[in-house]
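**Student:** This is work37.tsv (TSV, C-alpha atoms).
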chain	number	residue	atom	x	y	z
N	7	MET	CA	38.85	340.64	132.85
N	8	TYR	CA	42.61	341.14	132.46
N	9	GLU	CA	42.67	339.24	129.13
N	10	SER	CA	41.52	342.28	127.15
N	11	PHE	CA	43.79	344.63	129.12
N	12	TYR	CA	46.90	342.65	128.15
N	13	GLY	CA	45.63	341.56	124.73
N	14	PHE	CA	45.41	337.84	125.53
N	15	ASN	CA	43.16	335.56	123.49
N	16	ALA	CA	42.61	333.23	126.47
N	17	LYS	CA	43.16	333.11	130.22
N	18	PRO	CA	46.77	331.89	130.57
N	19	PHE	CA	46.63	330.69	134.17
N	20	GLN	CA	43.28	328.99	134.55
N	21	ILE	CA	43.10	326.38	137.29
N	22	LYS	CA	41.26	323.63	135.40
N	23	PRO	CA	43.54	321.19	133.52
N	24	ASP	CA	43.80	322.20	129.86
N	25	PRO	CA	45.97	320.07	127.55
N	26	SER	CA	46.32	322.97	125.09
N	27	PHE	CA	48.51	324.67	127.72
N	28	PHE	CA	50.58	321.55	128.42
N	29	TYR	CA	54.22	322.36	129.14
N	30	GLY	CA	56.71	319.56	128.63
N	31	SER	CA	59.19	319.97	131.45
N	32	LYS	CA	61.92	317.37	131.88
N	33	GLY	CA	59.80	315.55	134.46
N	34	HIS	CA	56.59	315.81	132.44
N	35	LYS	CA	58.28	314.51	129.29
N	36	ARG	CA	59.69	311.57	131.21
N	37	ALA	CA	56.30	310.86	132.79
N	38	MET	CA	54.69	310.99	129.34
N	39	ALA	CA	57.25	308.52	128.05
N	40	TYR	CA	56.38	306.11	130.90
N	41	LEU	CA	52.67	306.47	130.17
N	42	GLU	CA	53.17	305.85	126.47
N	43	TYR	CA	55.38	302.86	127.19
N	44	GLY	CA	52.78	301.43	129.54
N	45	LEU	CA	50.07	302.06	127.00
N	46	SER	CA	52.05	300.23	124.34
N	47	GLN	CA	52.13	297.14	126.57
N	48	GLY	CA	48.33	296.97	126.54
N	49	GLU	CA	48.01	295.35	129.96
N	50	GLY	CA	48.48	295.73	133.69
N	51	PHE	CA	48.60	298.86	135.80
N	52	ILE	CA	50.52	302.11	135.32
N	53	VAL	CA	51.05	304.17	138.49
N	54	LEU	CA	51.70	307.92	138.37
N	55	THR	CA	52.17	309.86	141.60
N	56	GLY	CA	52.87	313.50	142.35
N	57	GLU	CA	52.13	316.33	144.76
N	58	VAL	CA	48.78	318.12	144.67
N	59	GLY	CA	48.82	320.42	141.64
N	60	ALA	CA	51.91	318.84	140.05
N	61	GLY	CA	50.07	318.36	136.74
N	62	LYS	CA	49.06	314.69	136.77
N	63	THR	CA	45.56	315.28	135.37
N	64	THR	CA	46.81	317.71	132.71
N	65	LEU	CA	49.42	315.14	131.72
N	66	MET	CA	46.76	312.48	131.36
N	67	ARG	CA	44.47	314.72	129.32
N	68	ASN	CA	47.38	315.52	127.03
N	69	LEU	CA	47.85	311.77	126.57
N	70	PHE	CA	44.13	311.40	125.82
N	71	ARG	CA	44.40	314.06	123.13
N	72	ARG	CA	47.16	312.07	121.42
N	73	LEU	CA	45.33	308.74	121.51
N	74	GLU	CA	43.75	307.27	118.42
N	75	SER	CA	40.11	307.46	119.44
N	76	GLU	CA	39.07	304.93	116.84
N	77	LYS	CA	41.36	302.33	118.43
N	78	ILE	CA	41.27	303.15	122.15
N	79	ILE	CA	38.32	303.85	124.42
N	80	ALA	CA	39.65	305.85	127.39
N	81	ILE	CA	37.65	307.06	130.35
N	82	GLN	CA	38.73	308.80	133.54
N	83	ILE	CA	37.05	308.63	136.93
N	84	VAL	CA	37.84	310.54	140.12
N	85	SER	CA	37.67	308.46	143.28
N	86	THR	CA	36.66	310.34	146.42
N	87	HIS	CA	36.79	307.70	149.14
N	88	ILE	CA	34.77	305.25	147.02
N	89	ASP	CA	34.35	301.92	148.77
N	90	SER	CA	34.68	298.50	147.18
N	91	LYS	CA	30.91	298.19	146.70
N	92	ASP	CA	30.63	301.39	144.69
N	93	ILE	CA	33.78	301.32	142.58
N	94	LEU	CA	32.30	298.81	140.12
N	95	LYS	CA	29.18	300.96	139.80
N	96	LEU	CA	31.35	303.99	139.11
N	97	VAL	CA	33.29	302.14	136.42
N	98	ALA	CA	30.10	300.80	134.83
N	99	ALA	CA	28.54	304.27	134.81
N	100	ALA	CA	31.67	305.71	133.18
N	101	PHE	CA	31.34	303.18	130.35
N	102	GLY	CA	27.65	303.97	129.96
N	103	LEU	CA	26.44	300.67	131.40
N	104	LYS	CA	23.51	300.10	133.74
N	105	TYR	CA	24.63	300.26	137.36
N	106	ALA	CA	21.58	301.08	139.47
N	107	ASP	CA	19.62	298.28	141.17
N	108	VAL	CA	21.84	295.50	139.85
N	109	SER	CA	23.87	292.96	141.78
N	110	LYS	CA	27.66	292.77	141.79
N	111	ALA	CA	27.49	289.62	139.67
N	112	VAL	CA	25.43	291.40	137.01
N	113	LEU	CA	27.79	294.39	137.08
N	114	LEU	CA	30.76	292.12	136.43
N	115	LEU	CA	28.96	290.25	133.65
N	116	ASN	CA	27.96	293.52	131.98
N	117	LEU	CA	31.48	294.89	132.23
N	118	GLU	CA	33.00	291.71	130.79
N	119	GLN	CA	30.50	291.69	127.93
N	120	PHE	CA	31.28	295.35	127.17
N	121	LEU	CA	35.04	294.71	127.18
N	122	ARG	CA	34.68	291.70	124.87
N	123	GLN	CA	32.54	293.69	122.44
N	124	CYS	CA	35.22	296.39	122.32
N	125	ASP	CA	37.87	293.74	121.64
N	126	GLN	CA	35.79	292.24	118.81
N	127	GLN	CA	35.59	295.74	117.30
N	128	GLY	CA	39.38	296.00	117.42
N	129	LYS	CA	39.35	298.54	120.25
N	130	ARG	CA	41.30	298.63	123.50
N	131	VAL	CA	39.86	299.95	126.75
N	132	LEU	CA	41.77	302.20	129.13
N	133	LEU	CA	40.52	303.07	132.62
N	134	VAL	CA	42.15	306.02	134.42
N	135	VAL	CA	41.48	306.35	138.16
N	136	ASP	CA	42.39	309.75	139.62
N	137	GLU	CA	42.95	310.48	143.34
N	138	ALA	CA	43.89	306.84	143.87
N	139	GLN	CA	45.35	307.63	147.31
N	140	ASN	CA	41.74	307.75	148.57
N	141	LEU	CA	41.10	304.11	147.65
N	142	SER	CA	41.09	301.39	150.29
N	143	SER	CA	42.95	298.13	149.76
N	144	GLU	CA	39.56	296.39	149.25
N	145	THR	CA	38.63	298.87	146.50
N	146	LEU	CA	42.00	298.45	144.80
N	147	GLU	CA	41.48	294.70	144.91
N	148	GLU	CA	38.20	295.11	143.00
N	149	LEU	CA	40.08	297.03	140.31
N	150	ARG	CA	42.73	294.34	140.19
N	151	MET	CA	40.06	291.70	139.64
N	152	LEU	CA	38.89	293.60	136.55
N	153	SER	CA	42.33	293.04	135.02
N	154	ASN	CA	41.53	289.31	134.98
N	155	PHE	CA	39.19	289.88	132.03
N	156	GLN	CA	41.24	288.77	129.03
N	157	THR	CA	41.29	286.77	125.86
N	158	ASP	CA	43.85	284.11	124.95
N	159	GLU	CA	45.97	286.83	123.33
N	160	ALA	CA	45.54	289.97	125.37
N	161	SER	CA	44.10	291.74	128.38
N	162	LEU	CA	40.70	293.38	127.86
N	163	LEU	CA	41.32	296.28	130.26
N	164	GLN	CA	44.31	298.39	131.18
N	165	THR	CA	44.27	300.70	134.21
N	166	PHE	CA	46.20	303.86	135.06
N	167	LEU	CA	46.28	304.90	138.74
N	168	LEU	CA	47.01	308.57	139.52
N	169	GLY	CA	47.60	309.59	143.11
N	170	GLN	CA	49.41	311.72	145.62
N	171	PRO	CA	52.76	310.52	147.08
N	172	GLU	CA	51.10	308.63	149.94
N	173	PHE	CA	49.58	306.24	147.38
N	174	LYS	CA	53.02	304.64	147.05
N	175	ARG	CA	52.83	303.70	150.72
N	176	THR	CA	49.46	302.05	150.10
N	177	LEU	CA	51.00	299.88	147.39
N	178	LEU	CA	53.72	298.74	149.79
N	179	HIS	CA	51.20	297.09	152.12
N	180	GLN	CA	51.54	293.33	152.37
N	181	ASN	CA	48.02	292.76	151.04
N	182	MET	CA	48.88	294.72	147.88
N	183	GLN	CA	51.36	292.13	146.63
N	184	GLN	CA	49.09	290.81	143.88
N	185	LEU	CA	48.41	294.33	142.59
N	186	ARG	CA	52.11	295.23	142.67
N	187	GLN	CA	52.81	292.23	140.45
N	188	ARG	CA	50.45	293.72	137.85
N	189	VAL	CA	52.19	297.14	137.85
N	190	ILE	CA	54.34	297.39	134.72
N	191	ALA	CA	55.50	301.00	135.11
N	192	THR	CA	55.51	303.66	137.83
N	193	TYR	CA	56.69	307.27	137.92
N	194	HIS	CA	56.71	310.12	140.45
N	195	LEU	CA	56.10	313.57	138.96
N	196	GLY	CA	58.13	316.16	140.86
N	197	PRO	CA	57.92	319.97	140.85
N	198	LEU	CA	59.49	322.28	138.25
N	199	ASP	CA	62.93	323.70	138.94
N	200	GLU	CA	63.62	327.44	138.85
N	201	GLN	CA	64.44	327.63	135.13
N	202	GLU	CA	61.45	325.47	134.25
N	203	THR	CA	59.17	327.68	136.36
N	204	LYS	CA	60.13	330.69	134.26
N	205	ALA	CA	59.77	328.70	131.03
N	206	TYR	CA	56.39	327.37	132.21
N	207	ILE	CA	55.06	330.88	132.87
N	208	GLU	CA	56.29	332.18	129.53
N	209	HIS	CA	54.89	329.13	127.73
N	210	ARG	CA	51.41	329.69	129.13
N	211	LEU	CA	51.57	333.42	128.42
N	212	THR	CA	52.72	332.80	124.83
N	213	THR	CA	49.99	330.21	124.30
N	214	ALA	CA	47.47	332.88	125.35
N	215	GLY	CA	48.84	335.41	122.85
N	216	TRP	CA	51.42	337.23	125.00
N	217	LYS	CA	53.45	339.88	123.17
N	218	ASN	CA	55.79	340.77	126.03
N	219	ASP	CA	53.09	342.77	127.80
N	220	PRO	CA	53.46	342.62	130.73
N	221	VAL	CA	57.22	342.44	131.21
N	222	ILE	CA	58.30	340.25	134.15
N	223	ASP	CA	61.64	340.80	135.89
N	224	GLU	CA	64.07	337.99	136.69
N	225	ASP	CA	63.69	338.79	140.40
N	226	ALA	CA	59.93	338.35	140.03
N	227	TYR	CA	60.39	334.94	138.41
N	228	ARG	CA	62.72	333.86	141.21
N	229	LEU	CA	60.26	334.93	143.89
N	230	ILE	CA	57.39	333.13	142.12
N	231	TYR	CA	59.46	329.95	142.13
N	232	LYS	CA	60.47	330.38	145.76
N	233	TYR	CA	56.88	330.91	146.91
N	234	THR	CA	55.26	328.16	144.82
N	235	GLY	CA	58.01	325.55	145.04
N	236	GLY	CA	57.62	324.90	141.31
N	237	ILE	CA	54.14	323.38	141.69
N	238	PRO	CA	52.18	324.28	138.50
N	239	ARG	CA	48.81	324.82	140.19
N	240	LYS	CA	50.35	327.17	142.77
N	241	ILE	CA	52.12	329.03	139.98
N	242	ASN	CA	48.79	329.42	138.17
N	243	LEU	CA	47.08	330.78	141.27
N	244	LEU	CA	49.82	333.31	141.97
N	245	CYS	CA	50.24	334.48	138.36
N	246	ASP	CA	46.49	334.76	137.83
N	247	ARG	CA	46.21	337.02	140.88
N	248	MET	CA	49.29	338.98	139.75
N	249	LEU	CA	47.75	339.72	136.36
N	250	MET	CA	44.48	340.70	137.98
N	251	MET	CA	46.30	343.15	140.22
N	252	GLY	CA	48.24	344.45	137.22
N	253	CYS	CA	45.01	345.04	135.33
N	254	LEU	CA	43.41	346.93	138.23
N	255	GLU	CA	46.50	349.05	138.81
N	256	GLU	CA	47.33	349.39	135.08
N	257	LEU	CA	50.74	347.77	135.39
N	258	HIS	CA	52.75	346.64	132.37
N	259	HIS	CA	55.82	345.66	134.31
N	260	PHE	CA	56.14	343.28	137.25
N	261	GLY	CA	59.06	343.24	139.64
N	262	LYS	CA	59.83	341.57	142.94
N	263	LYS	CA	57.88	344.25	144.82
N	264	ASP	CA	54.69	343.51	142.85
N	265	VAL	CA	54.95	339.76	143.39
N	266	ASN	CA	55.51	340.37	147.10
N	267	GLU	CA	52.33	342.43	147.19
N	268	VAL	CA	50.34	339.58	145.67
N	269	ILE	CA	51.89	337.12	148.12
N	270	ASP	CA	50.94	339.43	150.98
N	271	ASP	CA	47.36	339.41	149.69
N	272	PHE	CA	47.36	335.62	149.75
N	273	GLU	CA	48.75	335.58	153.27
N	274	GLN	CA	46.13	338.02	154.48
N	275	GLU	CA	43.27	336.15	152.84
N	276	PHE	CA	44.22	332.58	153.64
N	277	ASP	CA	46.45	332.91	156.67
N	278	ALA	CA	45.24	335.97	158.58
N	279	ASN	CA	45.31	334.03	161.83
N	280	GLN	CA	48.99	333.33	161.32
N	281	LEU	CA	49.68	337.04	160.91
N	282	VAL	CA	48.08	337.75	164.28
N	283	SER	CA	49.92	334.80	165.82
N	284	ASP	CA	53.27	336.12	164.55
N	285	TYR	CA	52.55	339.51	165.98
N	286	LYS	CA	51.55	337.94	169.29
N	287	SER	CA	54.93	336.23	169.55
N	288	GLU	CA	56.63	339.61	169.20
N	289	HIS	CA	54.29	341.58	171.48
N	290	SER	CA	53.27	340.14	174.82
N	291	SER	CA	50.70	342.85	175.59
N	292	VAL	CA	47.12	341.73	175.00
N	293	ASP	CA	46.05	345.33	174.37
N	294	SER	CA	48.72	345.85	171.74
N	295	LEU	CA	47.74	342.55	170.11
N	296	GLN	CA	44.13	343.66	169.88
N	297	VAL	CA	45.15	347.00	168.38
N	298	SER	CA	47.41	345.24	165.87
N	299	SER	CA	44.66	342.78	164.91
N	300	GLU	CA	42.27	345.68	164.30
N	301	LYS	CA	44.95	347.47	162.31
N	302	ILE	CA	45.52	344.41	160.13
N	303	ASP	CA	41.78	344.09	159.49
N	304	LEU	CA	41.43	347.80	158.65
N	305	GLU	CA	44.43	347.76	156.31
N	306	LYS	CA	43.13	344.63	154.59
N	307	MET	CA	39.66	346.16	154.23
N	308	GLU	CA	41.09	349.42	152.89
N	309	SER	CA	43.25	347.55	150.38
N	310	ARG	CA	40.29	345.47	149.18
N	311	LEU	CA	38.06	348.57	148.87
N	312	ILE	CA	40.68	350.31	146.75
N	313	ARG	CA	40.96	347.26	144.50
N	314	MET	CA	37.20	346.90	144.25
N	315	GLU	CA	36.88	350.57	143.32
N	316	LYS	CA	39.49	350.20	140.60
N	317	SER	CA	37.79	347.05	139.36
N	318	VAL	CA	34.40	348.77	139.15
N	319	LEU	CA	35.90	351.78	137.35
N	320	PHE	CA	37.67	349.48	134.91
N	321	VAL	CA	34.46	347.58	134.10
N	322	LEU	CA	32.50	350.84	133.75
N	323	ASP	CA	35.13	352.13	131.35
N	324	LEU	CA	34.78	349.00	129.23
N	325	LEU	CA	30.99	349.36	129.26
N	326	LYS	CA	31.27	352.99	128.16
N	327	GLN	CA	33.54	351.98	125.30
N	328	ASN	CA	31.10	349.28	124.19
N	329	ILE	CA	28.12	351.64	124.45
N	330	SER	CA	30.00	354.32	122.52
N	331	PHE	CA	30.93	351.80	119.85
N	332	GLY	CA	27.35	350.60	119.64
N	333	SER	CA	26.01	354.15	119.26
N	334	VAL	CA	28.45	354.91	116.46
N	335	LYS	CA	27.52	351.64	114.75
N	336	ASP	CA	23.77	352.41	115.01
N	337	HIS	CA	24.36	355.92	113.64
N	338	HIS	CA	26.16	354.54	110.58
N	339	LEU	CA	23.47	351.94	110.02
N	340	LYS	CA	20.70	354.55	110.12
N	341	ARG	CA	22.66	356.84	107.80
N	342	ASP	CA	23.24	353.98	105.34
N	343	LYS	CA	19.53	353.15	105.33
N	344	SER	CA	18.55	356.78	104.70
Mind converting the file's structure to structure tokens?

**Tutor:**
Amino acid sequence: MYESFYGFNAKPFQIKPDPSFFYGSKGHKRAMAYLEYGLSQGEGFIVLTGEVGAGKTTLMRNLFRRLESEKIIAIQIVSTHIDSKDILKLVAAAFGLKYADVSKAVLLLNLEQFLRQCDQQGKRVLLVVDEAQNLSSETLEELRMLSNFQTDEASLLQTFLLGQPEFKRTLLHQNMQQLRQRVIATYHLGPLDEQETKAYIEHRLTTAGWKNDPVIDEDAYRLIYKYTGGIPRKINLLCDRMLMMGCLEELHHFGKKDVNEVIDDFEQEFDANQLVSDYKSEHSSVDSLQVSSEKIDLEKMESRLIRMEKSVLFVLDLLKQNISFGSVKDHHLKRDKS
């Protein structure tokens, strides 16, 4: 909704990973260099870790966009506590192979045949496994076994493992020694620093057609960084809500006060219990706590009603403009015909 208000040609802070909005911070550029180096080796495992929302999936999709599709077949799967029995089925399904009602032996034979056909066609195969921290050691072992498929000259499959920081601890287990020996590159993607946070926000705004509307104060940038810790997904969530608020309240300038208001909204929506708990620590009276809790609820409800009213009025105004435009267009068409 706020795209038209600010003249954007796209939503700048969408949550889903979009390589067209990729921002090459120092850490992201270094991570990309590791991925490209690993890819050039054509074998083994590449491990990329990072906090939730650090940009691992976006980084990988940006790599996919730069790959030569006629030479590399790349697929990405998301593992959500997949056990060792199902991981092969998931891989087979991702490559378009039959996986239902077949034995493990048949699955392996089909996968090997597929990989050899790709090699005969001069193509390499890349498997990307996201959320690798959810995989058990048995499941990781199944993936390692797939790396045994090779010709006399080269490996038939290369695997990238993306995971949260705890995945590094999984790799340190004693039974992961064989897999560790196959890892040819590893990198941990950290958060953006304060300057990069500002540059990241401006990059996404510019990519969406930003022409310095809205204006964002330095104090606002600093507070965004402080609240989000430089995690891209958190930045997107906060800035998206900030622009929505700006649209509803017709703001073209954001300062520290405005960002604080958005943060307060987040706290009320996702951590209302904590607000009551904080008040309880300051006021021992049960009666006063109950009154405060009711006050918080009433203030939150009033704030939401005001925002909803503004949102409805804004949409109605847009509808009126469209209807008015349509009526004028119909009038001209009828006049031209007559």

**Student:** If I take atom CA of Asn68 of chain N and atom CA of Pro25 of chain N, how far is one from the other in Å, to one decimal?

**Tutor:** 4.8 Å

**Student:** When you look at segment 47-60 of chain N with a cut-off of 6 Å (counting all atoms listed in the file), what residues show up, excluding the ones that are within fewer than 6 positions of it in the same chain? I need them as a PyMOL selection string.

**Tutor:** chain N and resi 161+164-171+188-189+191-195+237-239

**Student:** For Gln126 of chain N, list every protein, DNA or RNA residue within 12 Å, evaluated using all atoms listed in the file, and leave out those in the same chain fewer than 5 positions away; present the list as a list in words.

**Tutor:**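 Within the cut-off, the hits are Lys77, Gln119, Phe120, Leu121, Val131, Thr157, Ala160 and Leu162 of chain N.
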
**Student:** At what distance in Å, to one decimal, does atom CA of Tyr8 of chain N lie from atom CA of Leu254 of chain N?

**Tutor:** 8.2 Å

**Student:** I want to know what sits within 9 Å of segment 244-248 of chain N, based on all atoms listed in the file, with residues of the same chain fewer than 2 positions away left out; could you give that as a list of chain:residue names?

**Tutor:** N:Lys17, N:Pro18, N:Phe19, N:Gln20, N:Ile207, N:Ile230, N:Tyr233, N:Thr234, N:Arg239, N:Lys240, N:Ile241, N:Asn242, N:Met250, N:Met251, N:Gly252, N:Cys253, N:Phe260, N:Asp264, N:Val265, N:Glu267, N:Val268, N:Ile269, N:Phe272

**Student:** Tell me, in Å to one decimal, how far atom CA of Ile81 of chain N is from atom CA of Gln183 of chain N.

**Tutor:** 26.0 Å

**Student:** Leaving out segment 172-177 of chain N and any residue of its chain fewer than 5 positions from it, which residues lie within 7 Å of it when counting only C-alpha atoms, given as a list in words?

**Tutor:**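 Near segment 172-177 of chain N, the qualifying residues are Ala138, Gln139, Met182 and Arg186 of chain N.
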
**Student:** Could you tell me which of N:Met151, N:Leu94, N:Leu146, N:Ile79 comes closest to Asp125 of chain N if we count all atoms listed in the file?

**Tutor:**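 Nearest candidate to Asp125 of chain N out of N:Met151, N:Leu94, N:Leu146, N:Ile79: N:Ile79.
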
**Student:** Go through N:Leu152, N:Ala205, N:Ile190, N:Val134 one by one, measure the shortest atom-to-atom distance of each to Glu118 of chain N using all atoms listed in the file, and give the residue with the smallest value.

**Tutor:** N:Leu152

**Student:** Have a look at N:Ala39, N:Ile78, N:Leu243, N:Leu69 and name the one nearest to Gln127 of chain N; count all atoms listed in the file.

**Tutor:**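 Closest residue, counting all atoms listed in the file: N:Ile78.
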
**Student:** I'd like the neighbourhood of Gly215 of chain N as a short mmCIF file (atom, residue, chain, number, x, y, z; two decimals) with C-alpha atoms, in the frame of the given file, where a residue qualifies if any of its atoms comes within 12 Å (using only C-alpha atoms), though same-chain residues fewer than 5 positions away should be ignored.

**Tutor:**
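Now in result.cif:
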data_model
loop_
_atom_site.label_atom_id
_atom_site.label_comp_id
_atom_site.auth_asym_id
_atom_site.auth_seq_id
_atom_site.Cartn_x
_atom_site.Cartn_y
_atom_site.Cartn_z
CA GLU N 9 42.67 339.24 129.13
CA SER N 10 41.52 342.28 127.15
CA TYR N 12 46.90 342.65 128.15
CA GLY N 13 45.63 341.56 124.73
CA PHE N 14 45.41 337.84 125.53
CA ASN N 15 43.16 335.56 123.49
CA ALA N 16 42.61 333.23 126.47
CA LYS N 17 43.16 333.11 130.22
CA PRO N 18 46.77 331.89 130.57
CA PHE N 27 48.51 324.67 127.72
CA GLU N 208 56.29 332.18 129.53
CA HIS N 209 54.89 329.13 127.73
CA ARG N 210 51.41 329.69 129.13
CA PRO N 220 53.46 342.62 130.73
#

**Student:** How about completing segment 241-260 of chain N with N, CA, C and O atoms and giving it to me as a PDB file, in the coordinates of the input?

**Tutor:**
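Below you can see out-v9.pdb, which holds the result:
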ATOM      1  N   ILE N 241      51.643 327.999 140.897  1.00  0.00           N
ATOM      2  CA  ILE N 241      52.120 329.030 139.980  1.00  0.00           C
ATOM      3  C   ILE N 241      50.934 329.693 139.279  1.00  0.00           C
ATOM      4  O   ILE N 241      50.875 330.921 139.144  1.00  0.00           O
ATOM      5  N   ASN N 242      49.978 328.881 138.836  1.00  0.00           N
ATOM      6  CA  ASN N 242      48.790 329.420 138.170  1.00  0.00           C
ATOM      7  C   ASN N 242      48.018 330.361 139.074  1.00  0.00           C
ATOM      8  O   ASN N 242      47.579 331.439 138.655  1.00  0.00           O
ATOM      9  N   LEU N 243      47.825 329.950 140.324  1.00  0.00           N
ATOM     10  CA  LEU N 243      47.080 330.780 141.270  1.00  0.00           C
ATOM     11  C   LEU N 243      47.766 332.118 141.494  1.00  0.00           C
ATOM     12  O   LEU N 243      47.121 333.176 141.468  1.00  0.00           O
ATOM     13  N   LEU N 244      49.078 332.079 141.698  1.00  0.00           N
ATOM     14  CA  LEU N 244      49.820 333.310 141.970  1.00  0.00           C
ATOM     15  C   LEU N 244      49.853 334.223 140.751  1.00  0.00           C
ATOM     16  O   LEU N 244      49.621 335.433 140.865  1.00  0.00           O
ATOM     17  N   CYS N 245      50.135 333.663 139.570  1.00  0.00           N
ATOM     18  CA  CYS N 245      50.240 334.480 138.360  1.00  0.00           C
ATOM     19  C   CYS N 245      48.879 335.036 137.933  1.00  0.00           C
ATOM     20  O   CYS N 245      48.796 336.158 137.424  1.00  0.00           O
ATOM     21  N   ASP N 246      47.829 334.267 138.136  1.00  0.00           N
ATOM     22  CA  ASP N 246      46.490 334.760 137.830  1.00  0.00           C
ATOM     23  C   ASP N 246      46.169 335.980 138.685  1.00  0.00           C
ATOM     24  O   ASP N 246      45.667 336.993 138.191  1.00  0.00           O
ATOM     25  N   ARG N 247      46.458 335.890 139.982  1.00  0.00           N
ATOM     26  CA  ARG N 247      46.210 337.020 140.880  1.00  0.00           C
ATOM     27  C   ARG N 247      47.124 338.200 140.518  1.00  0.00           C
ATOM     28  O   ARG N 247      46.715 339.362 140.606  1.00  0.00           O
ATOM     29  N   MET N 248      48.349 337.918 140.124  1.00  0.00           N
ATOM     30  CA  MET N 248      49.290 338.980 139.750  1.00  0.00           C
ATOM     31  C   MET N 248      48.790 339.770 138.550  1.00  0.00           C
ATOM     32  O   MET N 248      48.839 341.002 138.522  1.00  0.00           O
ATOM     33  N   LEU N 249      48.275 339.050 137.550  1.00  0.00           N
ATOM     34  CA  LEU N 249      47.750 339.720 136.360  1.00  0.00           C
ATOM     35  C   LEU N 249      46.482 340.503 136.670  1.00  0.00           C
ATOM     36  O   LEU N 249      46.241 341.570 136.100  1.00  0.00           O
ATOM     37  N   MET N 250      45.673 339.975 137.568  1.00  0.00           N
ATOM     38  CA  MET N 250      44.480 340.700 137.980  1.00  0.00           C
ATOM     39  C   MET N 250      44.860 342.008 138.665  1.00  0.00           C
ATOM     40  O   MET N 250      44.294 343.076 138.382  1.00  0.00           O
ATOM     41  N   MET N 251      45.829 341.945 139.563  1.00  0.00           N
ATOM     42  CA  MET N 251      46.300 343.150 140.220  1.00  0.00           C
ATOM     43  C   MET N 251      46.883 344.125 139.205  1.00  0.00           C
ATOM     44  O   MET N 251      46.627 345.342 139.263  1.00  0.00           O
ATOM     45  N   GLY N 252      47.652 343.597 138.246  1.00  0.00           N
ATOM     46  CA  GLY N 252      48.240 344.450 137.220  1.00  0.00           C
ATOM     47  C   GLY N 252      47.188 345.158 136.385  1.00  0.00           C
ATOM     48  O   GLY N 252      47.350 346.328 136.019  1.00  0.00           O
ATOM     49  N   CYS N 253      46.107 344.447 136.098  1.00  0.00           N
ATOM     50  CA  CYS N 253      45.010 345.040 135.330  1.00  0.00           C
ATOM     51  C   CYS N 253      44.355 346.176 136.124  1.00  0.00           C
ATOM     52  O   CYS N 253      44.114 347.257 135.595  1.00  0.00           O
ATOM     53  N   LEU N 254      44.079 345.933 137.395  1.00  0.00           N
ATOM     54  CA  LEU N 254      43.410 346.930 138.230  1.00  0.00           C
ATOM     55  C   LEU N 254      44.281 348.157 138.452  1.00  0.00           C
ATOM     56  O   LEU N 254      43.775 349.283 138.531  1.00  0.00           O
ATOM     57  N   GLU N 255      45.596 347.936 138.544  1.00  0.00           N
ATOM     58  CA  GLU N 255      46.500 349.050 138.810  1.00  0.00           C
ATOM     59  C   GLU N 255      47.208 349.529 137.540  1.00  0.00           C
ATOM     60  O   GLU N 255      48.126 350.354 137.611  1.00  0.00           O
ATOM     61  N   GLU N 256      46.799 348.990 136.388  1.00  0.00           N
ATOM     62  CA  GLU N 256      47.330 349.390 135.080  1.00  0.00           C
ATOM     63  C   GLU N 256      48.853 349.236 135.018  1.00  0.00           C
ATOM     64  O   GLU N 256      49.577 350.137 134.601  1.00  0.00           O
ATOM     65  N   LEU N 257      49.318 348.064 135.419  1.00  0.00           N
ATOM     66  CA  LEU N 257      50.740 347.770 135.390  1.00  0.00           C
ATOM     67  C   LEU N 257      51.105 347.007 134.114  1.00  0.00           C
ATOM     68  O   LEU N 257      50.373 346.114 133.689  1.00  0.00           O
ATOM     69  N   HIS N 258      52.240 347.365 133.535  1.00  0.00           N
ATOM     70  CA  HIS N 258      52.750 346.640 132.370  1.00  0.00           C
ATOM     71  C   HIS N 258      54.143 346.094 132.648  1.00  0.00           C
ATOM     72  O   HIS N 258      54.833 345.646 131.723  1.00  0.00           O
ATOM     73  N   HIS N 259      54.520 346.142 133.897  1.00  0.00           N
ATOM     74  CA  HIS N 259      55.820 345.660 134.310  1.00  0.00           C
ATOM     75  C   HIS N 259      55.703 345.118 135.730  1.00  0.00           C
ATOM     76  O   HIS N 259      55.182 345.785 136.622  1.00  0.00           O
ATOM     77  N   PHE N 260      56.208 343.895 135.934  1.00  0.00           N
ATOM     78  CA  PHE N 260      56.140 343.280 137.250  1.00  0.00           C
ATOM     79  C   PHE N 260      57.548 343.017 137.771  1.00  0.00           C
ATOM     80  O   PHE N 260      58.356 342.376 137.097  1.00  0.00           O
TER      81      PHE N 260
END
